[in-house]
$ cat final_34.tsv   # TSV, C-alpha atoms and all ligand atoms
chain	number	residue	atom	x	y	z
A	27	MET	CA	-13.08	-86.39	-34.00
A	28	GLU	CA	-9.64	-85.23	-34.88
A	29	GLU	CA	-11.05	-83.20	-37.75
A	30	THR	CA	-13.62	-81.61	-35.39
A	31	LEU	CA	-10.85	-80.58	-33.00
A	32	ARG	CA	-8.72	-79.09	-35.78
A	33	GLU	CA	-11.73	-77.25	-37.17
A	34	LEU	CA	-12.48	-75.93	-33.66
A	35	GLU	CA	-8.89	-74.69	-33.30
A	36	ARG	CA	-8.99	-72.92	-36.69
A	37	ARG	CA	-12.27	-71.20	-35.85
A	38	ALA	CA	-11.08	-70.20	-32.37
A	39	LEU	CA	-7.87	-68.63	-33.71
A	40	GLN	CA	-9.83	-66.81	-36.41
A	41	GLU	CA	-12.31	-65.39	-33.89
A	42	LEU	CA	-9.47	-64.47	-31.52
A	43	GLU	CA	-8.10	-62.14	-34.19
A	44	GLN	CA	-11.39	-60.24	-34.11
A	45	CYS	CA	-11.30	-59.58	-30.36
A	46	GLU	CA	-10.57	-55.88	-29.85
A	47	ASP	CA	-10.83	-55.44	-26.09
A	48	SER	CA	-10.68	-57.34	-22.78
A	49	ASN	CA	-14.48	-57.92	-22.70
A	50	GLN	CA	-14.49	-59.60	-26.10
A	51	LEU	CA	-11.38	-61.56	-25.07
A	52	GLU	CA	-13.10	-62.88	-21.92
A	53	ALA	CA	-16.21	-63.81	-23.90
A	54	TRP	CA	-13.96	-65.70	-26.34
A	55	ARG	CA	-12.27	-67.58	-23.46
A	56	LEU	CA	-15.61	-68.68	-22.04
A	57	ARG	CA	-16.83	-69.65	-25.50
A	58	PHE	CA	-13.88	-71.92	-26.30
A	59	LEU	CA	-11.95	-72.77	-23.11
A	60	GLY	CA	-14.57	-72.41	-20.35
A	61	LYS	CA	-16.32	-75.25	-18.47
A	62	LYS	CA	-19.30	-74.84	-20.81
A	63	GLY	CA	-17.06	-74.05	-23.76
A	64	GLN	CA	-16.81	-75.77	-27.12
A	65	LEU	CA	-13.52	-77.59	-26.38
A	66	THR	CA	-15.00	-79.13	-23.23
A	67	ALA	CA	-18.07	-80.14	-25.25
A	68	VAL	CA	-15.87	-81.97	-27.80
A	69	LEU	CA	-13.89	-83.69	-25.05
A	70	ARG	CA	-17.11	-85.03	-23.56
A	71	GLY	CA	-17.66	-86.91	-26.80
A	72	MET	CA	-14.36	-88.79	-26.19
A	73	ALA	CA	-16.26	-91.38	-24.13
A	74	LYS	CA	-17.51	-92.83	-27.39
A	75	LEU	CA	-13.99	-93.30	-28.76
A	76	SER	CA	-12.21	-96.62	-28.86
A	77	GLU	CA	-9.47	-97.48	-26.28
A	78	ASP	CA	-6.60	-97.01	-28.74
A	79	GLU	CA	-7.92	-93.73	-30.20
A	80	ARG	CA	-8.60	-92.05	-26.87
A	81	PRO	CA	-4.98	-91.24	-25.74
A	82	ARG	CA	-4.07	-89.77	-29.12
A	83	ILE	CA	-7.20	-87.57	-29.29
A	84	GLY	CA	-6.73	-86.68	-25.59
A	85	ARG	CA	-3.14	-85.53	-26.28
A	86	LEU	CA	-4.30	-83.55	-29.32
A	87	ALA	CA	-7.06	-81.90	-27.28
A	88	ASN	CA	-4.55	-80.88	-24.58
A	89	GLU	CA	-2.18	-79.50	-27.21
A	90	ILE	CA	-4.97	-77.49	-28.77
A	91	ARG	CA	-6.10	-76.19	-25.38
A	92	ASP	CA	-2.53	-75.11	-24.54
A	93	ALA	CA	-2.09	-73.51	-27.98
A	94	LEU	CA	-5.37	-71.60	-27.63
A	95	GLU	CA	-4.46	-70.43	-24.13
A	96	GLU	CA	-1.07	-69.28	-25.39
A	97	ALA	CA	-2.68	-67.47	-28.33
A	98	ARG	CA	-5.14	-65.81	-25.95
A	99	VAL	CA	-2.37	-64.51	-23.67
A	100	SER	CA	-0.42	-63.17	-26.61
A	101	ARG	CA	-3.55	-61.54	-28.03
A	102	GLN	CA	-4.17	-60.00	-24.60
A	103	ASP	CA	-0.61	-58.61	-24.52
A	104	ALA	CA	-0.98	-57.25	-28.03
A	105	LEU	CA	-4.25	-55.49	-27.09
A	106	LYS	CA	-2.66	-54.01	-23.94
A	107	GLU	CA	0.24	-52.70	-25.97
A	108	LYS	CA	-2.13	-51.24	-28.54
A	109	GLU	CA	-4.15	-49.52	-25.80
A	110	ARG	CA	-0.96	-48.13	-24.22
A	111	ARG	CA	0.17	-46.69	-27.54
A	112	ARG	CA	-3.24	-45.13	-28.15
A	113	ARG	CA	-3.15	-43.49	-24.69
A	114	LEU	CA	0.38	-42.18	-25.15
A	115	GLU	CA	-0.61	-40.74	-28.51
A	116	SER	CA	-3.71	-38.99	-27.15
A	117	GLU	CA	-1.86	-37.65	-24.09
A	118	ARG	CA	1.08	-36.40	-26.08
A	119	LEU	CA	2.35	-32.99	-24.92
A	120	ASP	CA	4.35	-30.58	-27.05
A	121	VAL	CA	6.59	-29.07	-24.39
A	122	THR	CA	7.94	-26.58	-26.92
A	123	VAL	CA	4.59	-24.75	-27.26
A	124	PRO	CA	4.99	-21.25	-25.72
A	125	GLY	CA	3.26	-20.90	-22.31
A	126	TRP	CA	0.44	-18.56	-21.36
A	127	ARG	CA	1.65	-15.06	-20.57
A	128	PHE	CA	0.16	-14.03	-17.22
A	129	ALA	CA	-1.30	-10.53	-17.04
A	130	VAL	CA	0.94	-8.92	-14.45
A	131	GLY	CA	0.17	-5.42	-13.25
A	132	GLY	CA	2.71	-2.71	-12.59
A	133	LEU	CA	3.11	0.20	-10.25
A	134	HIS	CA	1.48	3.49	-11.21
A	135	PRO	CA	4.12	6.12	-12.12
A	136	LEU	CA	2.98	8.26	-9.17
A	137	THR	CA	3.49	5.33	-6.79
A	138	ARG	CA	6.96	4.81	-8.21
A	139	ILE	CA	7.93	8.45	-7.68
A	140	ILE	CA	6.53	8.42	-4.12
A	141	GLU	CA	8.58	5.29	-3.33
A	142	GLU	CA	11.73	6.88	-4.81
A	143	ILE	CA	11.22	10.01	-2.70
A	144	GLU	CA	10.66	7.88	0.40
A	145	GLU	CA	13.89	5.92	-0.21
A	146	ILE	CA	15.94	9.12	-0.44
A	147	PHE	CA	14.55	10.59	2.79
A	148	LEU	CA	14.69	7.28	4.68
A	149	GLY	CA	18.40	7.35	3.80
A	150	MET	CA	18.68	10.67	5.67
A	151	GLY	CA	16.91	9.36	8.76
A	152	PHE	CA	13.40	10.69	8.09
A	153	GLU	CA	10.33	8.67	9.07
A	154	ILE	CA	7.28	8.26	6.83
A	155	ARG	CA	3.90	9.31	8.27
A	156	GLU	CA	0.47	9.27	6.67
A	157	GLY	CA	-2.66	11.06	7.82
A	158	PRO	CA	-6.37	11.46	7.02
A	159	GLU	CA	-7.55	13.06	3.75
A	160	VAL	CA	-10.66	14.30	5.55
A	161	GLU	CA	-9.33	16.82	8.03
A	162	LEU	CA	-10.34	19.34	10.63
A	163	ASP	CA	-10.19	22.99	9.62
A	164	TYR	CA	-8.02	23.42	12.72
A	165	TYR	CA	-5.12	21.22	11.49
A	166	ASN	CA	-5.44	22.16	7.82
A	167	PHE	CA	-5.52	25.93	8.44
A	168	GLU	CA	-5.61	27.30	12.00
A	169	ALA	CA	-2.60	25.37	13.37
A	170	LEU	CA	-0.63	26.42	10.29
A	171	ASN	CA	-1.11	30.14	10.83
A	172	ILE	CA	-3.92	30.45	8.28
A	173	PRO	CA	-6.82	32.06	10.21
A	174	LYS	CA	-10.37	32.22	8.82
A	175	ASP	CA	-9.87	35.59	7.07
A	176	HIS	CA	-6.47	34.73	5.56
A	177	PRO	CA	-6.19	35.24	1.76
A	178	ALA	CA	-4.37	31.88	1.45
A	179	ARG	CA	-7.77	30.29	2.11
A	180	ASP	CA	-8.98	31.60	-1.25
A	181	MET	CA	-5.99	30.09	-3.09
A	182	GLN	CA	-6.55	26.79	-1.36
A	183	ASP	CA	-10.33	26.83	-1.49
A	184	THR	CA	-11.34	23.24	-0.95
A	185	PHE	CA	-14.21	20.77	-0.61
A	186	TYR	CA	-16.00	21.23	2.71
A	187	ILE	CA	-17.81	18.40	4.49
A	188	THR	CA	-19.09	20.76	7.20
A	189	GLU	CA	-17.97	24.20	8.43
A	190	GLU	CA	-15.14	22.59	10.40
A	191	ILE	CA	-14.40	19.41	8.36
A	192	LEU	CA	-12.86	19.48	4.90
A	193	MET	CA	-10.72	17.65	2.35
A	194	ARG	CA	-7.12	18.57	3.21
A	195	THR	CA	-5.44	21.01	0.82
A	196	HIS	CA	-1.91	19.85	1.71
A	197	THR	CA	-0.39	17.14	3.88
A	198	SER	CA	0.82	19.74	6.42
A	199	PRO	CA	-2.06	18.96	8.83
A	200	MET	CA	-0.44	15.56	9.53
A	201	GLN	CA	2.81	17.38	10.29
A	202	ALA	CA	0.97	19.70	12.68
A	203	ARG	CA	-0.62	16.64	14.33
A	204	THR	CA	2.79	14.96	14.64
A	205	LEU	CA	4.34	18.08	16.21
A	206	GLU	CA	1.47	18.33	18.71
A	207	LYS	CA	1.79	14.65	19.63
A	208	THR	CA	5.61	14.56	19.86
A	209	CYS	CA	5.94	17.79	21.91
A	210	PRO	CA	7.89	18.39	24.11
A	211	SER	CA	10.40	15.89	22.75
A	212	VAL	CA	12.65	16.39	19.72
A	213	PRO	CA	13.71	15.69	17.06
A	214	VAL	CA	10.81	15.42	14.62
A	215	LYS	CA	12.08	14.22	11.24
A	216	ILE	CA	9.24	13.12	9.00
A	217	ILE	CA	7.97	13.14	5.46
A	218	VAL	CA	4.23	12.92	4.77
A	219	PRO	CA	3.15	11.67	1.35
A	220	GLY	CA	-0.51	11.71	0.40
A	221	ARG	CA	-3.40	12.90	-1.70
A	222	VAL	CA	-4.66	16.46	-1.34
A	223	TYR	CA	-7.63	18.41	-2.76
A	224	ARG	CA	-8.23	21.91	-4.06
A	225	ARG	CA	-11.11	23.62	-5.77
A	226	ASP	CA	-9.47	24.06	-9.16
A	227	GLU	CA	-10.36	23.82	-12.85
A	228	ASP	CA	-8.58	20.78	-14.33
A	229	ASP	CA	-6.20	21.58	-17.19
A	230	ALA	CA	-2.77	20.43	-18.42
A	231	THR	CA	-1.02	21.60	-15.25
A	232	HIS	CA	-3.84	21.77	-12.66
A	233	SER	CA	-5.87	19.05	-11.00
A	234	HIS	CA	-8.54	19.28	-8.27
A	235	SER	CA	-6.70	16.40	-6.58
A	236	PHE	CA	-3.00	15.64	-6.62
A	237	VAL	CA	-0.30	13.96	-4.57
A	238	GLN	CA	2.03	15.86	-2.33
A	239	VAL	CA	5.03	14.98	-0.23
A	240	GLU	CA	5.86	17.35	2.60
A	241	GLY	CA	8.87	17.15	4.88
A	242	LEU	CA	9.53	18.52	8.35
A	243	MET	CA	12.52	18.60	10.63
A	244	VAL	CA	12.34	20.18	14.09
A	245	ASP	CA	15.15	20.02	16.63
A	246	ARG	CA	17.42	22.28	18.67
A	247	GLY	CA	19.53	24.44	16.39
A	248	VAL	CA	18.06	23.52	12.98
A	249	ARG	CA	19.14	26.17	10.45
A	250	MET	CA	18.42	27.14	6.86
A	251	SER	CA	21.75	25.54	5.85
A	252	ASP	CA	20.31	22.19	7.04
A	253	LEU	CA	17.35	22.75	4.72
A	254	LYS	CA	19.69	23.47	1.82
A	255	GLY	CA	21.78	20.37	2.54
A	256	VAL	CA	18.78	18.03	2.82
A	257	LEU	CA	17.15	19.39	-0.35
A	258	THR	CA	20.45	19.16	-2.28
A	259	VAL	CA	20.74	15.47	-1.35
A	260	PHE	CA	17.12	15.03	-2.42
A	261	VAL	CA	17.38	16.64	-5.90
A	262	ARG	CA	20.66	14.81	-6.60
A	263	GLY	CA	19.05	11.49	-5.71
A	264	MET	CA	16.03	12.30	-7.83
A	265	PHE	CA	17.49	14.09	-10.88
A	266	GLY	CA	21.20	13.20	-10.91
A	267	GLU	CA	24.39	13.85	-8.97
A	268	ASP	CA	25.28	17.00	-10.98
A	269	ARG	CA	22.18	18.96	-9.91
A	270	GLN	CA	22.39	22.26	-8.02
A	271	ILE	CA	19.62	24.03	-6.10
A	272	ARG	CA	18.76	27.72	-5.89
A	273	LEU	CA	16.52	29.40	-3.29
A	274	ARG	CA	14.39	32.45	-4.17
A	275	PRO	CA	12.54	34.44	-1.50
A	276	SER	CA	8.84	33.60	-1.33
A	277	TYR	CA	5.91	33.57	1.08
A	278	PHE	CA	4.00	30.84	2.91
A	279	PRO	CA	1.93	31.56	6.04
A	280	PHE	CA	3.51	28.62	7.89
A	281	THR	CA	7.20	29.36	7.20
A	282	GLU	CA	9.40	32.41	7.80
A	283	PRO	CA	11.54	32.98	5.90
A	284	SER	CA	10.08	31.12	2.92
A	285	ALA	CA	11.62	30.14	-0.38
A	286	GLU	CA	10.85	28.67	-3.78
A	287	VAL	CA	13.45	26.03	-4.55
A	288	ASP	CA	14.72	25.60	-8.11
A	289	VAL	CA	16.78	22.72	-9.45
A	290	SER	CA	19.32	23.21	-12.27
A	291	CYS	CA	17.63	21.88	-15.41
A	292	PRO	CA	18.26	18.12	-15.69
A	293	LEU	CA	17.76	18.28	-19.49
A	294	CYS	CA	20.22	21.02	-20.46
A	295	ASP	CA	22.31	21.11	-17.26
A	296	GLY	CA	21.55	24.81	-16.82
A	297	ALA	CA	22.35	25.94	-20.34
A	298	GLY	CA	18.74	26.82	-21.14
A	299	CYS	CA	16.23	24.77	-23.12
A	300	ARG	CA	12.52	24.40	-23.92
A	301	VAL	CA	11.72	22.64	-20.63
A	302	CYS	CA	13.34	25.30	-18.37
A	303	LYS	CA	12.19	28.02	-20.78
A	304	GLY	CA	15.76	29.19	-21.34
A	305	SER	CA	16.45	30.00	-17.68
A	306	GLY	CA	18.44	26.87	-16.80
A	307	TRP	CA	16.35	26.43	-13.60
A	308	ILE	CA	13.12	24.64	-12.81
A	309	GLU	CA	10.92	25.30	-9.76
A	310	ILE	CA	10.49	22.05	-7.87
A	311	LEU	CA	9.74	22.77	-4.20
A	312	GLY	CA	8.35	25.27	-1.72
A	313	ALA	CA	10.18	25.46	1.60
A	314	GLY	CA	11.14	27.56	4.58
A	315	MET	CA	11.87	27.75	8.31
A	316	VAL	CA	8.85	26.68	10.36
A	317	HIS	CA	6.99	29.79	11.53
A	318	PRO	CA	7.32	30.40	15.33
A	319	TYR	CA	3.51	30.57	15.53
A	320	VAL	CA	3.23	26.97	14.19
A	321	LEU	CA	5.78	25.70	16.74
A	322	GLU	CA	3.97	27.54	19.55
A	323	LYS	CA	0.56	26.16	18.51
A	324	ALA	CA	2.00	22.63	18.81
A	325	GLY	CA	3.35	23.46	22.27
A	326	TYR	CA	7.04	24.07	21.56
A	327	ASP	CA	9.04	27.11	22.67
A	328	PRO	CA	10.35	28.77	19.46
A	329	ASP	CA	13.33	30.09	21.47
A	330	GLU	CA	14.34	26.49	22.24
A	331	VAL	CA	13.66	24.63	18.97
A	332	SER	CA	13.56	25.48	15.30
A	333	GLY	CA	12.85	23.62	12.10
A	334	PHE	CA	12.52	23.61	8.37
A	335	ALA	CA	9.72	22.32	6.17
A	336	PHE	CA	9.13	21.81	2.49
A	337	GLY	CA	6.48	20.60	0.11
A	338	LEU	CA	6.54	19.22	-3.42
A	339	GLY	CA	3.98	18.09	-5.95
A	340	VAL	CA	4.51	14.46	-7.02
A	341	GLU	CA	2.79	14.84	-10.43
A	342	ARG	CA	4.93	17.86	-11.23
A	343	THR	CA	8.07	15.94	-10.20
A	344	ALA	CA	7.08	12.93	-12.33
A	345	MET	CA	6.26	15.20	-15.30
A	346	LEU	CA	9.73	16.75	-15.09
A	347	LYS	CA	11.52	13.46	-14.62
A	348	TYR	CA	9.75	11.65	-17.46
A	349	GLY	CA	8.92	14.56	-19.77
A	350	ILE	CA	5.13	14.16	-19.37
A	351	ASP	CA	3.25	17.16	-20.80
A	352	ASP	CA	-0.21	16.86	-19.20
A	353	ILE	CA	-1.11	16.10	-15.57
A	354	ARG	CA	-4.35	14.47	-16.73
A	355	HIS	CA	-2.37	11.51	-18.14
A	356	PHE	CA	-1.95	10.25	-14.54
A	357	TYR	CA	-5.71	9.92	-14.10
A	358	MET	CA	-6.94	8.66	-17.49
A	359	ASN	CA	-5.97	5.02	-16.89
A	360	ASP	CA	-4.75	4.73	-20.47
A	361	LEU	CA	-2.67	1.54	-20.52
A	362	HIS	CA	-0.53	2.86	-23.39
A	363	PHE	CA	0.59	5.63	-21.05
A	364	LEU	CA	0.87	3.56	-17.88
A	365	ARG	CA	2.80	0.67	-19.45
A	366	GLN	CA	5.70	2.98	-20.30
A	367	PHE	CA	6.54	3.11	-16.59
A	368	ARG	CA	6.25	-0.62	-15.94
A	369	ARG	CA	9.19	-1.94	-14.03
A	370	GLY	CA	10.32	-5.52	-14.67
A	371	LEU	CA	8.33	-7.65	-12.25
A	401	LIG	C1	4.48	23.78	-1.91
A	401	LIG	C2	4.92	24.35	-0.63
A	401	LIG	C3	5.32	23.86	1.64
A	401	LIG	C4	5.42	23.50	3.99
A	401	LIG	C5	4.94	23.17	2.75
A	401	LIG	C6	5.02	23.12	6.38
A	401	LIG	C7	4.41	22.28	7.30
A	401	LIG	C8	4.45	22.66	8.64
A	401	LIG	C9	5.06	23.78	9.02
A	401	LIG	C10	5.63	24.55	8.07
A	401	LIG	CL1	3.70	21.66	9.79
A	401	LIG	N1	5.60	24.22	6.78
A	401	LIG	N2	4.97	22.75	5.09
A	401	LIG	C11	6.34	24.52	4.10
A	401	LIG	C12	6.71	25.23	2.97
A	401	LIG	C13	6.20	24.90	1.73
A	401	LIG	O1	4.77	23.47	0.44
A	401	LIG	O2	4.68	24.37	-2.93
A	401	LIG	N3	3.83	22.63	-1.90
A	401	LIG	C14	3.39	21.97	-3.07

$ encode --input "final_34.tsv" --output "structure tokens" --more "lines below"
Ligand code: 2NL
Amino acid sequence: MEETLRELERRALQELEQCEDSNQLEAWRLRFLGKKGQLTAVLRGMAKLSEDERPRIGRLANEIRDALEEARVSRQDALKEKERRRRLESERLDVTVPGWRFAVGGLHPLTRIIEEIEEIFLGMGFEIREGPEVELDYYNFEALNIPKDHPARDMQDTFYITEEILMRTHTSPMQARTLEKTCPSVPVKIIVPGRVYRRDEDDATHSHSFVQVEGLMVDRGVRMSDLKGVLTVFVRGMFGEDRQIRLRPSYFPFTEPSAEVDVSCPLCDGAGCRVCKGSGWIEILGAGMVHPYVLEKAGYDPDEVSGFAFGLGVERTAMLKYGIDDIRHFYMNDLHFLRQFRRGL
């Protein structure tokens, strides 16, 4: 009997070593320690033992049962620990591996220049207005002193939707609309950025569509000196505090007098270089005093109010500022080009 018990213990411990998970462990417990287990079966045979043998064998059986239970618990702990280690190993993270770099977009160089221009004029109390790209002939031409037979219509030949509806050739129509709407009150102090269209052959310096910013100030007693002051602040903000401006007589149907505005060359500071073609000056804006006809069309009395207006090409400004040699770069969506103007985001 004693030998049977010891043999049972040996076998149980041996089989316990082979249990590799909680299912096998439970099966082992039922096999050896359960109600229908082998230890219980041996103990049943104790009835046949003599009176003096029974207590000794009973004690031994209890010891073996306790030893097996203890071994089972420790095997269970060992398996749990093993499982924990395996999980930790498989879930191990190397926090020093470099992260994914997110593809972050940037602002288009034209958008950047527009925003810079807006900041400068906001600082002088101008408001920003935007208007439709599809315009009425009336606001694009008639209200701006460009009647049907005017030669300026050839220079600004555009894309017509119908006889009276067209793609705007400048952002002036929105200024004419604003004047009409604001009249009779003053002042009007606005800049109008936006895309414009002209029937043109695309080349390095021409595009059938480009971005323009026009400005307009109308009030009592606005003079040409106000125009010069505002444009001086603008070119200094855009091209550097040392810049000077120069006005040359010119012609626009909607201003009188009219002027081409040059800025002293930001590259050579007026000394003469390749960019300014030796002259020291670069043409940057068209401007003038708002024509009395335009004020009258909007409803104002030209004897009571006056104003100045100006227009600039955003591509041309960006090309000058960044030394870009072909206007088509802005529209090719070549990332090598665009990424040069990426601001830290
Ligand atoms: C240029 C010249 C210019 C204007 C635009 C304007 C608008 C109104 C009345 C009078 Cl409502 N003038 N705009 C005036 C002078 C020049 O643009 O070279 N643009 C690219």

$ atom_distance --input "final_34.tsv" --atom1 "CA of Ala97 in chain A" --atom2 "CA of Glu35 in chain A"
10.7 Å

$ residues_near_ligand --input "final_34.tsv" --ligand "ligand LIG 401 (chain A)" --cutoff "6 Å" --atoms "all atoms listed in the file" --output "ChimeraX atom specification"
/A:198,201-202,240,280-281,311-314,316,335-339

$ residues_around --input "final_34.tsv" --residues "Val160 in chain A" --least-positions-apart "3" --cutoff "10 Å" --atoms "all atoms listed in the file" --output "PyMOL selection string"
chain A and resi 157+163+166+185-187+191-195+222-223

$ closest_residue --input "final_34.tsv" --among "A:Met358, A:Val289, A:Leu136, A:Ile308" --to "Gly220 in chain A" --atoms "all atoms listed in the file"
A:Leu136

$ closest_residue --input "final_34.tsv" --among "A:Val248, A:Leu346, A:Val261, A:Ile353" --to "Pro328 in chain A" --atoms "only C-alpha atoms"
A:Val248

$ residues_around --input "final_34.tsv" --residues "Val340 in chain A" --least-positions-apart "4" --cutoff "8 Å" --atoms "all atoms listed in the file" --output "mmCIF file with C-alpha atoms, keeping the file's coordinate frame"
data_model
loop_
_atom_site.group_PDB
_atom_site.id
_atom_site.type_symbol
_atom_site.label_atom_id
_atom_site.label_comp_id
_atom_site.auth_asym_id
_atom_site.auth_seq_id
_atom_site.Cartn_x
_atom_site.Cartn_y
_atom_site.Cartn_z
ATOM 1 C CA LEU A 136 2.980 8.260 -9.170
ATOM 2 C CA ILE A 139 7.930 8.450 -7.680
ATOM 3 C CA ILE A 140 6.530 8.420 -4.120
ATOM 4 C CA PHE A 236 -3.000 15.640 -6.620
ATOM 5 C CA VAL A 237 -0.300 13.960 -4.570
ATOM 6 C CA GLN A 238 2.030 15.860 -2.330
ATOM 7 C CA VAL A 239 5.030 14.980 -0.230
ATOM 8 C CA ALA A 344 7.080 12.930 -12.330
#

$ residues_near_point --input "final_34.tsv" --point "(-1.2, 20.7, 13.4)" --cutoff "6 Å" --atoms "only C-alpha atoms" --output "PDB file with C-alpha atoms, in the coordinates of the input"
ATOM      1  CA  TYR A 165      -5.120  21.220  11.490  1.00  0.00           C
ATOM      2  CA  ALA A 169      -2.600  25.370  13.370  1.00  0.00           C
ATOM      3  CA  PRO A 199      -2.060  18.960   8.830  1.00  0.00           C
ATOM      4  CA  ALA A 202       0.970  19.700  12.680  1.00  0.00           C
ATOM      5  CA  ARG A 203      -0.620  16.640  14.330  1.00  0.00           C
TER       6      ARG A 203
END

$ residues_around --input "final_34.tsv" --residues "range 64-81 of chain A" --least-positions-apart "5" --cutoff "9 Å" --atoms "only C-alpha atoms" --output "PyMOL selection string"
chain A and resi 27+30-31+34-35+56-59+86-87+90-91

$ atom_distance --input "final_34.tsv" --atom1 "CA of His317 in chain A" --atom2 "CA of Leu148 in chain A"
24.8 Å

$ atom_distance --input "final_34.tsv" --atom1 "CA of Arg98 in chain A" --atom2 "CA of Arg111 in chain A"
19.9 Å

$ residues_near_point --input "final_34.tsv" --point "(-3.8, -55.0, -24.2)" --cutoff "12 Å" --atoms "all atoms listed in the file" --output "number ranges by chain"
A: 45-51, 98-113

$ closest_residue --input "final_34.tsv" --among "A:Pro173, A:Arg246, A:Ser233, A:Phe334" --to "Pro283 in chain A" --atoms "all atoms listed in the file"
A:Phe334

$ residues_around --input "final_34.tsv" --residues "Gln366 in chain A" --least-positions-apart "3" --cutoff "12 Å" --atoms "only C-alpha atoms" --output "number ranges by chain"
A: 132-135, 348, 350, 355, 360-363, 369-370

$ closest_residue --input "final_34.tsv" --among "A:Ala129, A:Leu94, A:Met250, A:Leu293" --to "Glu43 in chain A" --atoms "all atoms listed in the file"
A:Leu94

$ decode --input "final_34.tsv" --residues "range 236-241 of chain A" --atoms "all heavy atoms" --output "tab-separated table (two decimals), in the first residue's frame"
chain	number	residue	atom	x	y	z
A	236	PHE	N	-4.34	84.89	-64.20
A	236	PHE	CA	-3.36	85.22	-63.16
A	236	PHE	C	-4.08	85.86	-61.97
A	236	PHE	O	-5.30	86.04	-62.00
A	236	PHE	CB	-2.26	86.13	-63.72
A	236	PHE	CG	-2.73	87.44	-64.28
A	236	PHE	CD1	-2.67	88.60	-63.50
A	236	PHE	CD2	-3.22	87.54	-65.57
A	236	PHE	CE1	-3.09	89.84	-64.01
A	236	PHE	CE2	-3.64	88.77	-66.09
A	236	PHE	CZ	-3.58	89.91	-65.30
A	237	VAL	N	-3.32	86.14	-60.93
A	237	VAL	CA	-3.93	86.70	-59.72
A	237	VAL	C	-3.54	88.17	-59.60
A	237	VAL	O	-2.40	88.54	-59.85
A	237	VAL	CB	-3.49	85.93	-58.46
A	237	VAL	CG1	-4.18	86.50	-57.23
A	237	VAL	CG2	-3.81	84.46	-58.61
A	238	GLN	N	-4.54	88.96	-59.25
A	238	GLN	CA	-4.33	90.39	-59.14
A	238	GLN	C	-4.76	90.86	-57.76
A	238	GLN	O	-5.63	90.26	-57.13
A	238	GLN	CB	-5.20	91.08	-60.21
A	238	GLN	CG	-4.72	92.45	-60.59
A	238	GLN	CD	-5.70	93.17	-61.50
A	238	GLN	OE1	-6.89	92.92	-61.48
A	238	GLN	NE2	-5.17	94.07	-62.30
A	239	VAL	N	-4.13	91.90	-57.28
A	239	VAL	CA	-4.67	92.60	-56.11
A	239	VAL	C	-4.84	94.05	-56.53
A	239	VAL	O	-3.90	94.68	-57.02
A	239	VAL	CB	-3.74	92.52	-54.88
A	239	VAL	CG1	-4.30	93.37	-53.73
A	239	VAL	CG2	-3.56	91.08	-54.43
A	240	GLU	N	-6.05	94.55	-56.39
A	240	GLU	CA	-6.29	95.97	-56.66
A	240	GLU	C	-6.68	96.65	-55.36
A	240	GLU	O	-7.27	96.04	-54.47
A	240	GLU	CB	-7.40	96.14	-57.70
A	240	GLU	CG	-6.94	95.83	-59.11
A	240	GLU	CD	-7.81	96.48	-60.17
A	240	GLU	OE1	-8.50	97.48	-59.86
A	240	GLU	OE2	-7.82	95.97	-61.30
A	241	GLY	N	-6.33	97.94	-55.28
A	241	GLY	CA	-6.67	98.72	-54.09
A	241	GLY	C	-7.43	99.97	-54.48
A	241	GLY	O	-7.30	100.46	-55.60
